[in-house]
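Quick look at final-v8.txt (compact mmCIF, C-alpha atoms and all ligand atoms):
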# COMPACT_ATOMS: atom_id res chain seq x y z
CA VAL A 1 122.34 92.84 93.68
CA LYS A 2 122.09 96.43 94.74
CA ASN A 3 118.85 97.36 96.34
CA THR A 4 118.35 101.03 96.96
CA LEU A 5 115.63 102.59 98.99
CA LEU A 6 114.45 106.13 99.11
CA PRO A 7 116.36 108.40 101.44
CA ALA A 8 114.22 109.59 104.32
CA ALA A 9 113.97 113.04 102.76
CA PHE A 10 112.28 111.56 99.74
CA GLY A 11 109.56 110.14 101.93
CA ILE A 12 108.55 113.68 102.79
CA ALA A 13 108.65 114.66 99.13
CA VAL A 14 106.41 111.74 98.27
CA LEU A 15 103.85 112.76 100.83
CA SER A 16 103.89 116.31 99.52
CA ALA A 17 103.53 115.06 95.99
CA SER A 18 100.56 113.01 97.02
CA LEU A 19 98.91 116.06 98.51
CA ILE A 20 99.54 118.10 95.38
CA VAL A 21 98.52 115.55 92.83
CA THR A 22 95.51 114.05 94.49
CA GLY A 23 94.35 117.49 95.60
CA CYS A 24 93.13 118.20 92.06
CA GLY A 25 89.90 116.43 92.89
CA GLU A 26 88.87 119.20 95.28
CA ASP A 27 86.92 116.67 97.26
CA ASP A 28 86.08 116.61 100.91
CA GLY A 29 89.23 118.14 102.34
CA ALA A 30 92.94 117.65 101.87
CA PRO A 31 93.67 114.03 101.11
CA THR A 32 96.58 112.45 102.88
CA MET A 33 98.32 109.21 102.19
CA ALA A 34 96.39 107.63 104.99
CA SER A 35 93.02 108.90 103.88
CA THR A 36 93.48 107.63 100.35
CA ARG A 37 93.78 104.12 101.65
CA PRO A 38 90.65 102.03 101.70
CA ALA A 39 89.66 100.83 105.11
CA PRO A 40 90.80 97.33 105.97
CA THR A 41 88.15 94.84 105.03
CA THR A 42 87.92 91.19 104.31
CA ASN A 43 89.76 90.22 101.18
CA VAL A 44 87.19 91.04 98.56
CA SER A 45 89.29 90.13 95.54
CA ALA A 46 90.12 86.71 96.83
CA GLY A 47 86.75 86.05 98.35
CA ALA A 48 88.32 85.01 101.60
CA THR A 49 86.34 85.45 104.76
CA THR A 50 89.27 85.58 107.13
CA THR A 51 89.62 88.57 109.41
CA PRO A 52 92.22 91.18 108.50
CA ALA A 53 95.66 90.01 109.44
CA ALA A 54 97.21 93.45 109.93
CA ALA A 55 96.36 93.56 113.59
CA THR A 56 98.08 90.26 114.26
CA PRO A 57 101.22 90.89 116.31
CA ARG A 58 104.44 90.17 114.50
CA THR A 59 106.85 87.73 115.96
CA GLU A 60 110.34 88.51 117.13
CA ARG A 61 111.82 86.18 114.52
CA GLU A 62 113.62 88.19 111.88
CA VAL A 63 113.23 88.01 108.15
CA GLU A 64 116.66 86.54 107.46
CA ALA A 65 118.39 86.74 104.10
CA ASP A 66 118.47 83.51 102.12
CA ALA A 67 116.60 81.63 104.85
CA TYR A 68 113.65 80.69 102.61
CA ASP A 69 113.02 78.02 100.04
CA ILE A 70 110.44 76.78 97.57
CA GLU A 71 108.60 73.49 97.34
CA PRO A 72 106.55 72.18 94.42
CA VAL A 73 102.78 71.95 94.77
CA TRP A 74 99.82 70.78 92.65
CA PRO A 75 101.73 68.29 90.45
CA LEU A 76 99.01 68.12 87.78
CA VAL A 77 98.88 71.90 87.36
CA ARG A 78 101.62 72.05 84.76
CA PHE A 79 100.99 74.08 81.64
CA GLU A 80 103.02 76.24 79.32
CA ARG A 81 103.05 79.91 80.19
CA MET A 82 100.90 79.90 83.29
CA ILE A 83 100.33 83.55 84.23
CA GLU A 84 98.24 83.61 87.39
CA PHE A 85 95.50 81.94 89.36
CA ALA A 86 92.47 83.53 90.98
CA LEU A 87 90.61 82.24 94.01
CA ILE A 88 86.92 81.57 93.49
CA PRO A 89 84.74 83.47 95.98
CA GLY A 90 82.72 81.02 98.01
CA ASN A 91 84.77 78.04 96.88
CA GLU A 92 87.91 77.51 98.93
CA ASP A 93 88.75 74.22 97.21
CA HIS A 94 89.30 75.47 93.66
CA ALA A 95 91.00 78.27 91.77
CA LEU A 96 91.05 79.47 88.17
CA LEU A 97 94.38 79.35 86.36
CA ILE A 98 95.09 81.32 83.19
CA THR A 99 97.68 80.55 80.54
CA GLN A 100 99.05 83.18 78.23
CA ASP A 101 97.75 81.41 75.11
CA GLY A 102 94.17 81.95 76.25
CA THR A 103 92.92 79.16 78.52
CA VAL A 104 91.21 79.37 81.90
CA ARG A 105 91.33 76.10 83.85
CA ARG A 106 89.68 75.23 87.13
CA PHE A 107 91.94 73.23 89.43
CA SER A 108 91.74 71.77 92.92
CA LEU A 109 93.71 73.48 95.66
CA VAL A 110 93.22 70.54 98.01
CA ASP A 111 93.29 67.33 95.93
CA ASP A 112 96.54 66.73 94.06
CA GLY A 113 94.99 63.84 92.14
CA LEU A 114 92.40 65.84 90.21
CA GLU A 115 93.15 66.91 86.66
CA PRO A 116 92.49 70.60 86.00
CA GLN A 117 89.40 71.15 83.85
CA MET A 118 88.90 73.69 81.06
CA PHE A 119 86.71 76.53 82.36
CA LEU A 120 86.96 78.95 79.42
CA ASP A 121 88.93 78.76 76.17
CA ILE A 122 89.53 82.06 74.36
CA ARG A 123 92.57 80.97 72.39
CA ASP A 124 90.87 82.06 69.17
CA LYS A 125 90.48 85.59 70.55
CA ILE A 126 94.19 86.11 71.26
CA ILE A 127 96.18 88.06 68.67
CA PRO A 128 97.76 85.68 66.12
CA SER A 129 101.51 85.18 66.54
CA PRO A 130 101.50 87.03 69.87
CA GLY A 131 104.59 88.75 71.18
CA ASN A 132 106.33 87.54 74.32
CA GLU A 133 104.28 89.91 76.49
CA GLU A 134 100.93 89.42 74.75
CA GLY A 135 98.09 87.03 75.41
CA LEU A 136 95.69 86.35 78.26
CA LEU A 137 97.31 88.34 81.04
CA GLY A 138 94.78 88.82 83.83
CA ILE A 139 91.65 87.44 85.48
CA ALA A 140 89.54 88.82 88.33
CA MET A 141 86.52 87.33 90.05
CA ASP A 142 83.63 89.68 90.80
CA PRO A 143 83.37 90.34 94.57
CA ASN A 144 79.71 89.29 94.24
CA TYR A 145 80.59 86.20 92.24
CA GLU A 146 78.54 83.94 94.48
CA GLN A 147 75.45 85.88 93.41
CA ASN A 148 76.21 87.10 89.87
CA ARG A 149 78.81 84.52 88.70
CA ARG A 150 80.70 87.25 86.85
CA PHE A 151 84.40 87.38 86.19
CA TYR A 152 86.70 89.44 83.98
CA VAL A 153 89.69 88.79 81.76
CA TYR A 154 92.25 91.04 80.11
CA TYR A 155 93.95 89.92 76.90
CA SER A 156 95.76 91.03 73.73
CA ALA A 157 93.72 90.92 70.53
CA GLY A 158 94.17 92.00 66.93
CA PRO A 159 94.63 93.04 64.28
CA PRO A 160 94.42 95.91 64.91
CA ARG A 161 96.60 95.37 67.98
CA ARG A 162 94.69 96.19 71.13
CA THR A 163 94.13 95.08 74.70
CA VAL A 164 90.65 94.01 75.73
CA LEU A 165 88.84 93.93 79.07
CA GLU A 166 86.01 91.44 78.80
CA GLY A 167 83.40 90.12 81.22
CA TYR A 168 81.91 86.63 81.40
CA VAL A 169 79.30 84.77 83.41
CA ALA A 170 79.89 81.26 84.72
CA GLY A 171 77.23 78.59 84.65
CA GLY A 172 77.93 75.68 86.94
CA ASP A 173 81.57 74.67 86.85
CA VAL A 174 82.37 76.24 83.48
CA ALA A 175 82.05 79.69 81.94
CA ASP A 176 79.39 80.49 79.39
CA PRO A 177 81.41 81.52 76.32
CA THR A 178 78.39 83.29 74.85
CA SER A 179 78.15 85.60 77.85
CA ASP A 180 81.17 87.65 76.70
CA GLU A 181 80.86 91.40 76.99
CA VAL A 182 83.68 93.72 75.94
CA LEU A 183 83.95 96.52 78.50
CA LEU A 184 87.02 98.32 77.26
CA GLU A 185 89.41 98.14 74.31
CA ILE A 186 92.67 100.08 74.19
CA GLU A 187 94.58 100.47 70.95
CA ASP A 188 98.17 99.42 71.42
CA PRO A 189 101.02 100.39 69.08
CA PHE A 190 103.61 97.71 69.98
CA SER A 191 103.59 94.11 71.18
CA ASN A 192 105.41 94.73 74.47
CA HIS A 193 104.47 96.50 77.73
CA ASN A 194 100.85 95.46 78.14
CA GLY A 195 100.58 95.33 81.91
CA GLY A 196 97.67 93.00 82.46
CA GLY A 197 97.09 92.94 86.20
CA LEU A 198 93.37 92.87 86.94
CA GLU A 199 92.17 92.97 90.55
CA PHE A 200 89.17 94.09 92.54
CA GLY A 201 90.08 96.45 95.34
CA PRO A 202 88.54 96.38 98.80
CA ASP A 203 86.42 99.32 97.57
CA GLY A 204 84.69 96.96 95.14
CA TYR A 205 86.11 98.67 92.05
CA LEU A 206 88.00 96.87 89.30
CA TYR A 207 91.63 97.94 88.86
CA LEU A 208 93.47 97.34 85.60
CA ALA A 209 97.19 97.85 84.95
CA VAL A 210 98.04 99.03 81.43
CA GLY A 211 101.56 99.37 79.98
CA ASP A 212 102.88 102.40 78.12
CA GLY A 213 102.23 100.90 74.68
CA GLY A 214 105.66 99.45 74.21
CA SER A 215 108.75 99.78 72.04
CA GLY A 216 111.34 101.51 74.26
CA GLY A 217 111.56 104.89 75.94
CA ASP A 218 107.78 105.52 75.67
CA PRO A 219 107.95 107.03 72.14
CA GLN A 220 104.33 108.23 72.30
CA GLY A 221 104.78 109.81 75.72
CA ASN A 222 101.84 107.83 77.10
CA GLY A 223 103.10 107.55 80.66
CA GLN A 224 102.70 111.27 81.31
CA ASP A 225 99.73 111.82 78.97
CA THR A 226 96.60 111.87 81.11
CA ASP A 227 94.48 111.84 77.95
CA ALA A 228 95.82 108.35 77.14
CA LEU A 229 94.90 105.10 78.88
CA LEU A 230 98.32 103.54 78.19
CA GLY A 231 100.88 103.71 81.00
CA LYS A 232 98.22 103.84 83.70
CA ILE A 233 96.43 101.97 86.43
CA LEU A 234 92.72 102.33 85.74
CA ARG A 235 89.81 102.01 88.14
CA LEU A 236 86.31 101.09 86.96
CA ASP A 237 82.95 100.51 88.57
CA VAL A 238 81.59 97.34 86.97
CA SER A 239 78.76 96.79 89.45
CA GLY A 240 76.08 97.82 86.96
CA ALA A 241 74.16 95.52 84.65
CA SER A 242 76.60 96.16 81.79
CA GLY A 243 79.60 98.26 80.82
CA TYR A 244 81.32 100.33 83.47
CA ALA A 245 80.89 103.58 85.35
CA ILE A 246 83.53 106.00 86.64
CA PRO A 247 84.09 105.95 90.40
CA PRO A 248 83.26 109.54 91.45
CA ASP A 249 86.56 110.05 93.25
CA ASN A 250 88.78 108.97 90.36
CA PRO A 251 91.35 111.78 90.01
CA PHE A 252 90.13 112.95 86.60
CA ALA A 253 86.46 112.13 87.06
CA ILE A 254 85.64 115.84 86.73
CA GLY A 255 88.22 116.67 84.05
CA GLY A 256 91.91 117.03 83.34
CA GLY A 257 92.36 113.59 81.85
CA ARG A 258 90.70 110.28 81.09
CA PRO A 259 88.24 109.58 83.90
CA GLU A 260 89.21 105.89 84.06
CA ILE A 261 92.70 106.78 85.38
CA PHE A 262 93.51 105.95 89.01
CA ALA A 263 97.29 106.58 88.85
CA TYR A 264 99.75 107.27 86.03
CA GLY A 265 103.37 107.46 84.91
CA PHE A 266 103.90 103.70 84.57
CA ARG A 267 106.00 101.87 82.01
CA ASN A 268 104.88 98.28 82.38
CA PRO A 269 103.20 97.68 85.73
CA TRP A 270 103.57 93.91 85.85
CA ARG A 271 101.14 92.53 88.40
CA ILE A 272 99.09 94.56 90.85
CA THR A 273 97.84 93.30 94.20
CA PHE A 274 96.03 94.61 97.24
CA ASP A 275 97.36 94.05 100.74
CA ARG A 276 94.54 92.07 102.33
CA GLY A 277 95.53 93.54 105.70
CA THR A 278 95.56 97.26 104.85
CA GLY A 279 93.94 97.54 101.41
CA ASP A 280 97.09 99.15 99.99
CA LEU A 281 97.75 98.69 96.27
CA TRP A 282 101.24 97.54 95.25
CA THR A 283 102.86 97.01 91.87
CA GLY A 284 106.19 96.22 90.27
CA ASP A 285 106.92 98.56 87.36
CA VAL A 286 109.38 97.17 84.85
CA GLY A 287 112.31 99.42 83.96
CA GLN A 288 113.88 100.31 80.63
CA GLY A 289 117.40 99.05 81.28
CA THR A 290 118.60 100.64 84.49
CA ARG A 291 116.11 100.47 87.34
CA GLU A 292 113.26 98.15 88.38
CA GLU A 293 110.81 99.63 90.84
CA VAL A 294 108.29 98.66 93.49
CA ASP A 295 105.48 101.14 94.03
CA LEU A 296 102.86 101.74 96.66
CA VAL A 297 100.12 103.12 94.42
CA GLU A 298 98.12 106.09 95.63
CA ARG A 299 95.07 107.55 93.97
CA GLY A 300 96.10 110.29 91.54
CA GLY A 301 99.80 109.59 91.93
CA ASN A 302 102.25 110.23 89.09
CA TYR A 303 104.85 107.47 89.22
CA GLY A 304 107.27 109.28 86.95
CA TRP A 305 107.78 107.35 83.72
CA SER A 306 109.24 108.49 81.37
CA ILE A 307 110.65 111.47 83.23
CA MET A 308 112.28 109.04 85.61
CA GLU A 309 113.12 105.36 85.56
CA GLY A 310 112.85 104.14 89.11
CA ASP A 311 114.64 106.63 91.34
CA LEU A 312 116.84 107.99 88.51
CA CYS A 313 116.34 110.47 85.72
CA PHE A 314 115.53 108.55 82.56
CA GLN A 315 118.35 108.95 80.07
CA PRO A 316 119.18 110.99 78.09
CA ARG A 317 117.80 113.49 80.56
CA GLU A 318 120.71 114.57 82.72
CA ASP A 319 118.69 116.43 85.28
CA CYS A 320 115.01 115.90 85.75
CA ASP A 321 112.71 117.45 88.29
CA PRO A 322 111.09 114.92 90.61
CA THR A 323 108.75 117.55 92.06
CA GLY A 324 105.26 116.18 92.16
CA LEU A 325 106.31 112.64 91.32
CA MET A 326 105.72 109.59 93.47
CA LEU A 327 109.01 107.80 93.96
CA PRO A 328 109.35 104.05 94.30
CA ARG A 329 109.42 102.30 97.65
CA ALA A 330 112.23 100.07 96.40
CA THR A 331 114.40 99.75 93.32
CA TYR A 332 117.08 97.45 92.02
CA GLY A 333 119.43 97.36 89.05
CA THR A 334 117.88 95.97 85.87
CA ARG A 335 121.13 94.42 84.69
CA ASP A 336 122.61 93.36 88.04
CA GLY A 337 123.17 89.66 88.64
CA GLY A 338 121.11 88.31 85.77
CA ASN A 339 118.13 90.56 86.49
CA CYS A 340 115.93 91.83 83.69
CA ALA A 341 112.43 92.78 84.91
CA VAL A 342 110.54 93.03 88.18
CA THR A 343 107.59 90.73 88.87
CA GLY A 344 105.23 92.26 91.41
CA GLY A 345 103.97 89.95 94.15
CA TYR A 346 101.90 90.21 97.30
CA VAL A 347 102.08 91.57 100.80
CA TYR A 348 102.33 88.38 102.86
CA ARG A 349 99.45 87.87 105.30
CA GLY A 350 99.76 84.15 105.89
CA SER A 351 100.49 82.29 109.10
CA THR A 352 103.28 79.79 108.41
CA MET A 353 105.96 82.51 108.22
CA PRO A 354 104.71 85.04 110.78
CA GLU A 355 107.86 87.17 110.59
CA LEU A 356 107.00 87.96 106.95
CA ARG A 357 103.58 89.44 107.74
CA GLY A 358 103.35 92.91 106.27
CA TRP A 359 106.28 92.36 103.89
CA TYR A 360 105.79 92.84 100.15
CA VAL A 361 107.27 89.84 98.34
CA TYR A 362 108.45 90.31 94.75
CA ALA A 363 110.92 88.80 92.30
CA ASP A 364 113.01 89.32 89.24
CA TYR A 365 111.52 87.51 86.26
CA CYS A 366 114.85 86.44 84.76
CA ALA A 367 117.12 85.99 87.78
CA GLY A 368 114.47 84.10 89.77
CA VAL A 369 115.51 85.92 92.92
CA VAL A 370 112.76 86.68 95.45
CA TRP A 371 112.97 89.67 97.78
CA ALA A 372 110.76 91.05 100.52
CA LEU A 373 110.23 94.67 101.57
CA ASP A 374 108.92 95.64 104.99
CA THR A 375 105.90 97.80 104.20
CA GLU A 376 105.81 99.08 107.77
CA ASN A 377 109.40 100.36 107.80
CA GLU A 378 110.33 102.70 104.96
CA ALA A 379 113.96 102.92 106.07
CA ALA A 380 114.65 99.20 105.89
CA GLU A 381 116.43 97.56 102.99
CA PRO A 382 114.70 94.76 101.09
CA VAL A 383 115.84 91.29 102.10
CA ARG A 384 116.66 88.54 99.64
CA LEU A 385 114.57 85.51 100.58
CA VAL A 386 115.66 82.90 98.06
CA SER A 387 117.27 82.51 94.67
CA THR A 388 115.05 79.98 92.94
CA GLY A 389 116.66 79.43 89.55
CA HIS A 390 113.20 79.69 88.03
CA THR A 391 111.75 82.16 85.52
CA ILE A 392 109.02 83.88 87.56
CA PRO A 393 106.24 85.64 85.67
CA SER A 394 103.85 85.89 88.59
CA PHE A 395 102.87 85.09 92.15
CA GLY A 396 99.73 83.58 93.65
CA GLU A 397 98.05 83.64 97.04
CA ASP A 398 95.71 81.14 98.68
CA ALA A 399 92.81 81.79 101.01
CA ASP A 400 95.12 81.49 104.02
CA GLY A 401 97.49 84.12 102.63
CA GLU A 402 100.29 81.69 101.81
CA LEU A 403 102.33 82.66 98.75
CA TYR A 404 103.14 80.77 95.57
CA LEU A 405 105.47 81.45 92.67
CA ILE A 406 104.28 80.66 89.18
CA THR A 407 107.17 79.61 86.98
CA PHE A 408 107.67 79.32 83.26
CA GLU A 409 109.11 75.88 83.99
CA GLU A 410 105.49 74.69 84.06
CA GLN A 411 105.40 74.42 87.81
CA ILE A 412 103.85 76.28 90.72
CA VAL A 413 105.90 76.34 93.91
CA ARG A 414 105.13 77.47 97.44
CA LEU A 415 107.33 79.88 99.36
CA VAL A 416 108.41 78.26 102.62
CA ARG A 417 110.82 78.76 105.47
CA PRO A 418 112.39 75.37 106.17
CA CA B 1 101.95 97.05 73.93
Is it possible to give me this structure as structure tokens?
Ligand SMILES: [Ca+2]
Amino acid sequence: VKNTLLPAAFGIAVLSASLIVTGCGEDDGAPTMASTRPAPTTNVSAGATTTPAAATPRTEREVEADAYDIEPVWPLVRFERMIEFALIPGNEDHALLITQDGTVRRFSLVDDGLEPQMFLDIRDKIIPSPGNEEGLLGIAMDPNYEQNRRFYVYYSAGPPRRTVLEGYVAGGDVADPTSDEVLLEIEDPFSNHNGGGLEFGPDGYLYLAVGDGGSGGDPQGNGQDTDALLGKILRLDVSGASGYAIPPDNPFAIGGGRPEIFAYGFRNPWRITFDRGTGDLWTGDVGQGTREEVDLVERGGNYGWSIMEGDLCFQPREDCDPTGLMLPRATYGTRDGGNCAVTGGYVYRGSTMPELRGWYVYADYCAGVVWALDTENEAAEPVRLVSTGHTIPSFGEDADGELYLITFEEQIVRLVRP
């Protein structure tokens, strides 16, 4: 597997691009990469109350290639098409697991003998005969869940084909199905490329990853169209009593595009996560057939699709101009070694593998290979941690920052270093 990183010169170009693109807001002075990053806080999205791990010194032990393994966990948490689990703020013993067909189940993180319980069932809201990439794709717990009991889901509905962001309120240990409130619906022309990552940032805003609409080659040009919500990462303020508001420093809040947009130029950003140590937003953006990419997502950044695919001009363009585009932090070949599509993961902030702290862990969905990228060293090559043999649609993280792989073999496994 060939992993390519940006040459050092590109790092400078990226910084310049960030200045140009995010400068359109004309806010309080020239933004820099550093100033666009939220201040480190406790992990709002996961509800954890641990102190930020970024300041923890790293050990001298190296992140060695192929030195990691997986071990099965939670033997009763076995369902078809598990997509992700979300930690419940204020409840370190349970998490909410979503399946693509439209269920939300509450399961015990600490007692392997407890059967998961249905928390919310929206199977009748999912588009009939869904495509491979459609269904219930994301869940996020409100940062004030302990007070307001609100949470959000993102799913594919139809006809007409569309993606839906919907809010619910929980009562006791189950959701109230009658509390549903649709916040946003996005018409979607094709069944594939629906993104679906839904996460609260440390700024308290709700971030939503939306694919380019689908088919192949972005036929509608959504990635670069700032008047379209497809092919974007959106940022919404859902702290009001209903609906959403636009965060005032969204890049197009005062014009030039849809005000919900936080960053653009994505094809199918498959899973978004915030580094609980730094607040940085990371994603894996699935390629067309040549390059998979890992992106550090900056406010207002243009991540290039469909001018570029990863770090290359998107064919049939023979020469494209990367000026003003944010280039990936890592790429790999879409067709190398059984690869097919990147699955974005998490920046590791756990304690059992201290050498991995500050490394972004991601995988290829088909090949089942897991890599890690040192977020603190742009010149370093990604390191292959383990080849699992699993189909990996998603990752998970517990309150301690340990990482899990969700597999389409109806099993969740923990990443370990034997
Ligand atoms: Ca689609």
Quiz item: If we count all atoms listed in the file, what is near range 294-311 of chain A at a cut-off of 7 Å, once residues fewer than 4 positions away on the same chain are taken out, given as number ranges by chain?
Solution: A: 18, 21-22, 36, 217-218, 223-224, 251, 262-267, 281-285, 287, 320, 325-331
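Considering the residues A:Gly197, A:Gly158, A:Gly231, A:Gly243 and counting all atoms listed in the file, Phe395 in chain A has its shortest atom-to-atom contact with A:Gly197.
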Exercise answer, 6 Å around ligand CA 1 (chain B) with all atoms listed in the file, as a PDB file with C-alpha atoms, keeping the file's coordinate frame:
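Result went into out_34.pdb, see below:
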ATOM      1  CA  ASP A 188      98.170  99.420  71.420  1.00  0.00           C
ATOM      2  CA  PRO A 189     101.020 100.390  69.080  1.00  0.00           C
ATOM      3  CA  PHE A 190     103.610  97.710  69.980  1.00  0.00           C
ATOM      4  CA  SER A 191     103.590  94.110  71.180  1.00  0.00           C
ATOM      5  CA  ASN A 192     105.410  94.730  74.470  1.00  0.00           C
ATOM      6  CA  HIS A 193     104.470  96.500  77.730  1.00  0.00           C
ATOM      7  CA  ASN A 194     100.850  95.460  78.140  1.00  0.00           C
ATOM      8  CA  GLY A 213     102.230 100.900  74.680  1.00  0.00           C
ATOM      9  CA  GLY A 214     105.660  99.450  74.210  1.00  0.00           C
TER      10      GLY A 214
END
Quiz item: Could you list as a PyMOL selection string every residue that has an atom within 8 Å of (107.9, 92.6, 98.1), using the file's coordinates and counting all atoms listed in the file?
Solution: chain A and resi 294+344-347+359-363+371-374+382
With range 397-402 of chain A as the partner and 12 Å as the cut-off, tabulate the residues of range 170-281 of chain A that qualify, each row holding the nearest pair of atoms and their distance in Å to one decimal, using all atoms listed in the file, sorted by chain and rising number, as CSV.
residue,atom,partner,partner_atom,distance
A:Thr273,CA,A:Glu397,CA,10.1
A:Phe274,CA,A:Glu397,CA,11.2
A:Asp275,CA,A:Gly401,CA,10.1
A:Arg276,CA,A:Gly401,CA,8.5
A:Gly277,CA,A:Gly401,CA,10.1
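Residue nearest Ile272 in chain A within the list A:Gly338, A:Gly195, A:Gly131, A:Gly167: A:Gly195 [criterion: smallest interatomic distance, all atoms listed in the file].
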Practice problem: Enter the distance from CA of Val370 in chain A to CA of Phe408 in chain A, in Å, rounded to one decimal. | Solution: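 So the answer is 15.1 Å.
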Practice problem: Tell me which of A:Val342, A:Asp280, A:Val369, A:Val416 sits closest to Pro202 in chain A, counting all atoms listed in the file. | Solution: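 Smallest distance to Pro202 in chain A is found for A:Asp280.
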Quiz prompt | For Pro177 in chain A: contacts at 9 Å, only C-alpha atoms, fewer than 3 positions along chain excluded, given as JSON, numbers by chain | solution = {"A": [120, 121, 122, 168, 169, 170, 174, 180]}
Quiz item: Distance CA of Ala228 in chain A-CA of Asn268 in chain A, one decimal place?
Solution: 14.5 Å
Quiz item: Counting only C-alpha atoms, what is within 10 Å of Gly172 in chain A, bar same-chain residues fewer than 4 positions away, as a PyMOL selection string?
Solution: chain A and resi 119+149+176
Exercise. State, in Å with one decimal place, the distance from CA of Gly368 in chain A to CA of Leu415 in chain A.
Key: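 Taking CA of Gly368 in chain A and CA of Leu415 in chain A, their separation equals 12.7 Å.
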Quiz item: Which protein, DNA or RNA residues have an atom at most 9 Å from (92.5, 96.1, 76.5), counting all atoms listed in the file? List them as a list in words.
Solution: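 The residues that fall inside the cut-off are Tyr154, Tyr155, Ser156, Ala157, Arg162, Thr163, Val164, Leu165, Glu166, Leu183, Leu184, Glu185, Ile186, Glu187, Asp188, Asn194, Gly196 and Val210 of chain A.
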